[in-house]
Amino acid sequence: MLVEQFKHGLNAPICLTWEWTYACNLACAHCLSSSGRRDPMELSTDEIKSVIDELQRMQVFYINVGGGEPTVRADFWELLDYAIAHQVGVKFSTNGLRITPERARQLAATDYVDVQISLDGATREVNDAVRGPGSYDMAIRAMENLAEAGFENFKISVVMTRQNVSQLDDFAAIADRYGAQLRITRLRPSGRGADVWDELHPTAEQQLELYDWLVGHGERVLTGDSFFHLNALGSEPIPGLNLCGAGRVVCLIDPVGDVYACPFAIHDAFKAGNVRSPGGFAEVWQSSSLFQELRGEQTGGACRSCSAYDVCQGGCMAAKFFTGLPLDGPDPECVKGHGATALAAVDRAALPPQGTDHSHKGPVRSQPVSLGMPALKVSRPDRFCDESPLAGMEAR
Amino acid sequence: MPAPTASFSPDRGYRLNPNVALRPEPFGALAYHFGNRRLSFLKDLALVELVEHLGEHPSAREALATLPAAQHEPTLRALAVLAATDMIVPV
């Protein structure tokens, strides 16, 4: 069984997420990386190129570039061309900021690049409550430009929240309208996501709705393997690998070169090393003690005796960590209800702090205002796979 | 997984598609097709070895000669899938 092999790790990641900057024009309420301001220590143009060279040597055939908003880097297009010229394909995530008609035509004419537009509501109201005023129109404009330029099958990436689960069919219709493919992922209590997780994570009824929808539509929809914790809801597994790939097939390089086990775990507890250290990225991937540990046998702990453990594998490491649950215990959104029980016993004041915070300090033009309630922060202390980690891959 | 198409013929010669790179892995190899961006996995080392040298044989069937007889049928099925996904191409 291939999944068994994956558990012990690969020679190089299949799904490498690489955030090129913490700078962002938006201030999304649920930002995983608490992005906003550029970090003065972010990797330079030459440093990024040298890591790309290394990825080429390691045969990492494609990367998922994100941020922050990666296109705000002045060298973004240069780096994109460099990666492609070195056989490292790029899928980049963007809020649409720089996807002008000219850039859309340039992208459509480039092999080996894919674009993923973030959209968290099928309506302006729902989207902008999370991503900020103007962000819906910006994303739609980018999609229009891509479609107009003939860019086929770009991705529309949606984080599933309490407010948008009911819009799944509408998202699929938007994707159809622009000749795009829908990708939906799980809201994680990571980064600023920790502040809004309580009010935005789907309810138990919505999880069932989501599961049913995925079982019915999953073959055409990418999930970044986000939802394997829902598999216990039925007899039919959601399409995908259904395995936590952290440190095994997935990892994250952040804008300052730190390497983390997964994109949802920007915290010292999941930091494996830095690409600037001797041996570079390859050394971190192959030898870090954290990654070795993640590739070893996992105990399953309290979940081992559960009938659903084989299909849910205990769920998401990052979701457990940032909600204060033990890593070998149930996922906070455990469909058997074990997560809710465990959460009730967590001392909220003792939650792990989030990792680096690059949130905008002052007012932001596009500050989101959450729906239906005053924009009060739930009291949380400070801050903490697309692709599909394995999006588009075929396991056979 | 796409169904193997009838177009694979064991009596023809095949080779690894020049657009495909094989990355060695502990279990076999990861195959990446630069043209259609598909990722596949070759799940055992003998299959990797076979695919790498497939082009040196006049036909797929003859390439199997080095494998134990019990492996011939499953290997032909694997090759048919690889042909259907354009990972190997007729010479």
# chains A, B, ... in the order shown; residues from 1 in each chain; ligands from 1

call {"tool": "closest_atom_pairs", "arguments": {"of": "chain B", "to": "chain A", "cutoff": "7 Å", "atoms": "only C-alpha atoms", "output": "Markdown table"}}
result
| residue | atom | partner | partner_atom | distance |
| --- | --- | --- | --- | --- |
| B:Arg23 | CA | A:Gln59 | CA | 6.4 |
| B:Glu25 | CA | A:Asn11 | CA | 5.8 |
| B:Phe27 | CA | A:Gln5 | CA | 6.6 |
| B:Arg38 | CA | A:Met393 | CA | 6.2 |
| B:Leu39 | CA | A:Met393 | CA | 5.1 |
| B:Ser40 | CA | A:Glu394 | CA | 5.6 |
| B:Phe41 | CA | A:Arg396 | CA | 6.2 |

call {"tool": "residues_around", "arguments": {"residues": "A:Gly121", "least_positions_apart": "5", "cutoff": "7 Å", "atoms": "only C-alpha atoms", "output": "VMD selection string"}}
result
chain A and resid 126 to 127 164

call {"tool": "select_by_dssp", "arguments": {"residues": "chain B", "states": "alpha helix (DSSP H)", "output": "compact mmCIF listing (two decimals) with N, CA, C and O atoms, in the first residue's frame"}}
result
# COMPACT_ATOMS: atom_id res chain seq x y z
N LEU B 45 10.95 -1.60 -7.04
CA LEU B 45 12.24 -1.27 -7.64
C LEU B 45 12.46 -2.00 -8.95
O LEU B 45 13.07 -1.47 -9.88
N ALA B 46 11.92 -3.23 -9.04
CA ALA B 46 12.10 -3.99 -10.28
C ALA B 46 11.39 -3.30 -11.44
O ALA B 46 11.90 -3.24 -12.56
N LEU B 47 10.23 -2.72 -11.16
CA LEU B 47 9.48 -2.02 -12.20
C LEU B 47 10.25 -0.76 -12.65
O LEU B 47 10.29 -0.44 -13.84
N VAL B 48 10.85 -0.09 -11.69
CA VAL B 48 11.65 1.11 -12.01
C VAL B 48 12.79 0.73 -12.96
O VAL B 48 13.00 1.36 -14.00
N GLU B 49 13.50 -0.30 -12.58
CA GLU B 49 14.62 -0.79 -13.38
C GLU B 49 14.15 -1.13 -14.80
O GLU B 49 14.76 -0.76 -15.80
N LEU B 50 13.02 -1.82 -14.85
CA LEU B 50 12.46 -2.23 -16.14
C LEU B 50 12.11 -1.02 -17.01
O LEU B 50 12.46 -0.96 -18.19
N VAL B 51 11.43 -0.05 -16.39
CA VAL B 51 10.98 1.12 -17.15
C VAL B 51 12.17 1.94 -17.64
O VAL B 51 12.18 2.43 -18.77
N GLU B 52 13.18 2.04 -16.80
CA GLU B 52 14.36 2.82 -17.20
C GLU B 52 15.03 2.22 -18.43
O GLU B 52 15.60 2.95 -19.24
N ALA B 60 7.92 -4.71 -25.34
CA ALA B 60 7.67 -4.71 -23.89
C ALA B 60 7.77 -6.13 -23.35
O ALA B 60 8.34 -6.38 -22.30
N ARG B 61 7.22 -7.08 -24.13
CA ARG B 61 7.22 -8.46 -23.66
C ARG B 61 8.65 -8.99 -23.47
O ARG B 61 8.95 -9.64 -22.49
N GLU B 62 9.50 -8.64 -24.41
CA GLU B 62 10.89 -9.12 -24.29
C GLU B 62 11.61 -8.48 -23.11
O GLU B 62 12.52 -9.06 -22.52
N ALA B 63 11.19 -7.25 -22.77
CA ALA B 63 11.82 -6.57 -21.63
C ALA B 63 11.54 -7.31 -20.32
O ALA B 63 12.26 -7.17 -19.34
N HIS B 72 5.17 -11.46 -14.71
CA HIS B 72 4.93 -10.95 -16.06
C HIS B 72 3.58 -10.27 -16.21
O HIS B 72 3.49 -9.16 -16.70
N GLU B 73 2.53 -10.98 -15.77
CA GLU B 73 1.18 -10.41 -15.96
C GLU B 73 0.99 -9.10 -15.21
O GLU B 73 0.57 -8.09 -15.80
N PRO B 74 1.30 -9.07 -13.88
CA PRO B 74 1.14 -7.80 -13.16
C PRO B 74 1.99 -6.68 -13.76
O PRO B 74 1.55 -5.52 -13.82
N THR B 75 3.17 -7.02 -14.23
CA THR B 75 4.04 -5.99 -14.80
C THR B 75 3.46 -5.46 -16.11
O THR B 75 3.50 -4.25 -16.37
N LEU B 76 2.91 -6.35 -16.92
CA LEU B 76 2.28 -5.90 -18.16
C LEU B 76 1.11 -4.96 -17.87
O LEU B 76 0.89 -3.97 -18.56
N ARG B 77 0.36 -5.30 -16.79
CA ARG B 77 -0.76 -4.41 -16.43
C ARG B 77 -0.23 -3.05 -16.00
O ARG B 77 -0.78 -2.01 -16.37
N ALA B 78 0.86 -3.04 -15.23
CA ALA B 78 1.44 -1.77 -14.80
C ALA B 78 1.91 -0.96 -16.01
O ALA B 78 1.71 0.25 -16.10
N LEU B 79 2.52 -1.65 -16.96
CA LEU B 79 3.00 -0.96 -18.17
C LEU B 79 1.83 -0.40 -18.98
O LEU B 79 1.93 0.69 -19.55
N ALA B 80 0.74 -1.15 -19.01
CA ALA B 80 -0.44 -0.68 -19.75
C ALA B 80 -0.97 0.62 -19.13
O ALA B 80 -1.36 1.55 -19.84
N VAL B 81 -0.95 0.69 -17.80
CA VAL B 81 -1.39 1.92 -17.13
C VAL B 81 -0.42 3.06 -17.46
O VAL B 81 -0.84 4.19 -17.75
N LEU B 82 0.85 2.75 -17.42
CA LEU B 82 1.84 3.79 -17.73
C LEU B 82 1.71 4.27 -19.17
O LEU B 82 1.90 5.45 -19.47
N ALA B 83 1.35 3.37 -20.06
CA ALA B 83 1.14 3.77 -21.46
C ALA B 83 -0.11 4.63 -21.59
O ALA B 83 -0.12 5.64 -22.29
N ALA B 84 -1.15 4.23 -20.86
CA ALA B 84 -2.42 4.97 -20.93
C ALA B 84 -2.25 6.39 -20.40
O ALA B 84 -2.97 7.30 -20.80

call {"tool": "select_by_dssp", "arguments": {"residues": "stretch 21-203 of chain A", "states": "strand (DSSP E or B)", "output": "number ranges by chain"}}
result
A: 23, 36, 62-66, 89-94, 113-118, 155-160, 181-186

call {"tool": "closest_atom_pairs", "arguments": {"of": "stretch 146-255 of chain A", "to": "stretch 351-370 of chain A", "cutoff": "12 Å", "atoms": "only C-alpha atoms", "output": "tab-separated table"}}
result
residue	atom	partner	partner_atom	distance
A:Arg162	CA	A:Ser370	CA	11.9
A:Gln163	CA	A:Ser370	CA	10.2
A:Pro189	CA	A:Gln354	CA	9.6
A:Ser190	CA	A:Gln354	CA	7.2
A:Gly191	CA	A:Gln354	CA	6.0
A:Arg192	CA	A:Gln354	CA	8.4
A:Gly193	CA	A:Gln354	CA	9.9
A:Ala194	CA	A:Gln354	CA	8.2
A:Asp195	CA	A:Gln354	CA	10.3
A:Val196	CA	A:Ser370	CA	9.3
A:Glu199	CA	A:Ser370	CA	9.7
A:Leu200	CA	A:Ser370	CA	9.7
A:Asp254	CA	A:Thr356	CA	10.4
A:Pro255	CA	A:His358	CA	11.1

call {"tool": "residues_around", "arguments": {"residues": "A:Leu325", "least_positions_apart": "5", "cutoff": "9 Å", "atoms": "only C-alpha atoms", "output": "ChimeraX atom specification"}}
result
/A:319-320,330-332,339,342-343,346

call {"tool": "residues_around", "arguments": {"residues": "A:Ala269", "least_positions_apart": "5", "cutoff": "12 Å", "atoms": "only C-alpha atoms", "output": "PyMOL selection string"}}
result
chain A and resi 259-262+289-291+317-318+321-322+327+352-355+384

call {"tool": "residues_around", "arguments": {"residues": "B:Asn36", "least_positions_apart": "4", "cutoff": "10 Å", "atoms": "only C-alpha atoms", "output": "PyMOL selection string"}}
result
(chain A and resi 111-112) or (chain B and resi 19-20+32+85-87)

call {"tool": "write_last_selection", "arguments": {"atoms": "N, CA, C and O atoms", "output": "mmCIF file, in the first residue's frame"}}
result
data_model
loop_
_atom_site.group_PDB
_atom_site.id
_atom_site.type_symbol
_atom_site.label_atom_id
_atom_site.label_comp_id
_atom_site.auth_asym_id
_atom_site.auth_seq_id
_atom_site.Cartn_x
_atom_site.Cartn_y
_atom_site.Cartn_z
ATOM 1 N N ASP A 111 3.952 27.717 -19.888
ATOM 2 C CA ASP A 111 3.727 26.341 -19.449
ATOM 3 C C ASP A 111 4.202 26.233 -18.022
ATOM 4 O O ASP A 111 5.087 26.972 -17.600
ATOM 5 N N TYR A 112 3.641 25.290 -17.312
ATOM 6 C CA TYR A 112 4.279 24.931 -16.077
ATOM 7 C C TYR A 112 4.037 25.922 -14.949
ATOM 8 O O TYR A 112 4.766 25.986 -13.980
ATOM 9 N N ASN B 19 9.539 13.311 -21.701
ATOM 10 C CA ASN B 19 8.971 14.360 -20.840
ATOM 11 C C ASN B 19 8.789 13.907 -19.394
ATOM 12 O O ASN B 19 8.267 14.658 -18.577
ATOM 13 N N VAL B 20 9.164 12.668 -19.123
ATOM 14 C CA VAL B 20 8.935 12.131 -17.777
ATOM 15 C C VAL B 20 10.264 11.970 -17.044
ATOM 16 O O VAL B 20 11.233 11.477 -17.598
ATOM 17 N N TYR B 32 7.220 11.867 -12.812
ATOM 18 C CA TYR B 32 6.552 13.149 -13.052
ATOM 19 C C TYR B 32 6.586 13.466 -14.541
ATOM 20 O O TYR B 32 7.628 13.407 -15.183
ATOM 21 N N THR B 85 -1.318 6.571 -19.466
ATOM 22 C CA THR B 85 -1.115 7.902 -18.901
ATOM 23 C C THR B 85 0.070 8.617 -19.559
ATOM 24 O O THR B 85 0.546 9.626 -19.051
ATOM 25 N N ASP B 86 0.563 8.043 -20.679
ATOM 26 C CA ASP B 86 1.606 8.698 -21.467
ATOM 27 C C ASP B 86 2.968 8.732 -20.771
ATOM 28 O O ASP B 86 3.851 9.489 -21.142
ATOM 29 N N MET B 87 3.125 7.917 -19.729
ATOM 30 C CA MET B 87 4.421 7.887 -19.041
ATOM 31 C C MET B 87 5.441 7.108 -19.881
ATOM 32 O O MET B 87 6.617 7.434 -19.893
#

call {"tool": "closest_residue", "arguments": {"among": "B:Leu54, B:Pro10, B:Ser59, B:Arg37", "to": "B:Ile88", "atoms": "only C-alpha atoms"}}
result
B:Leu54
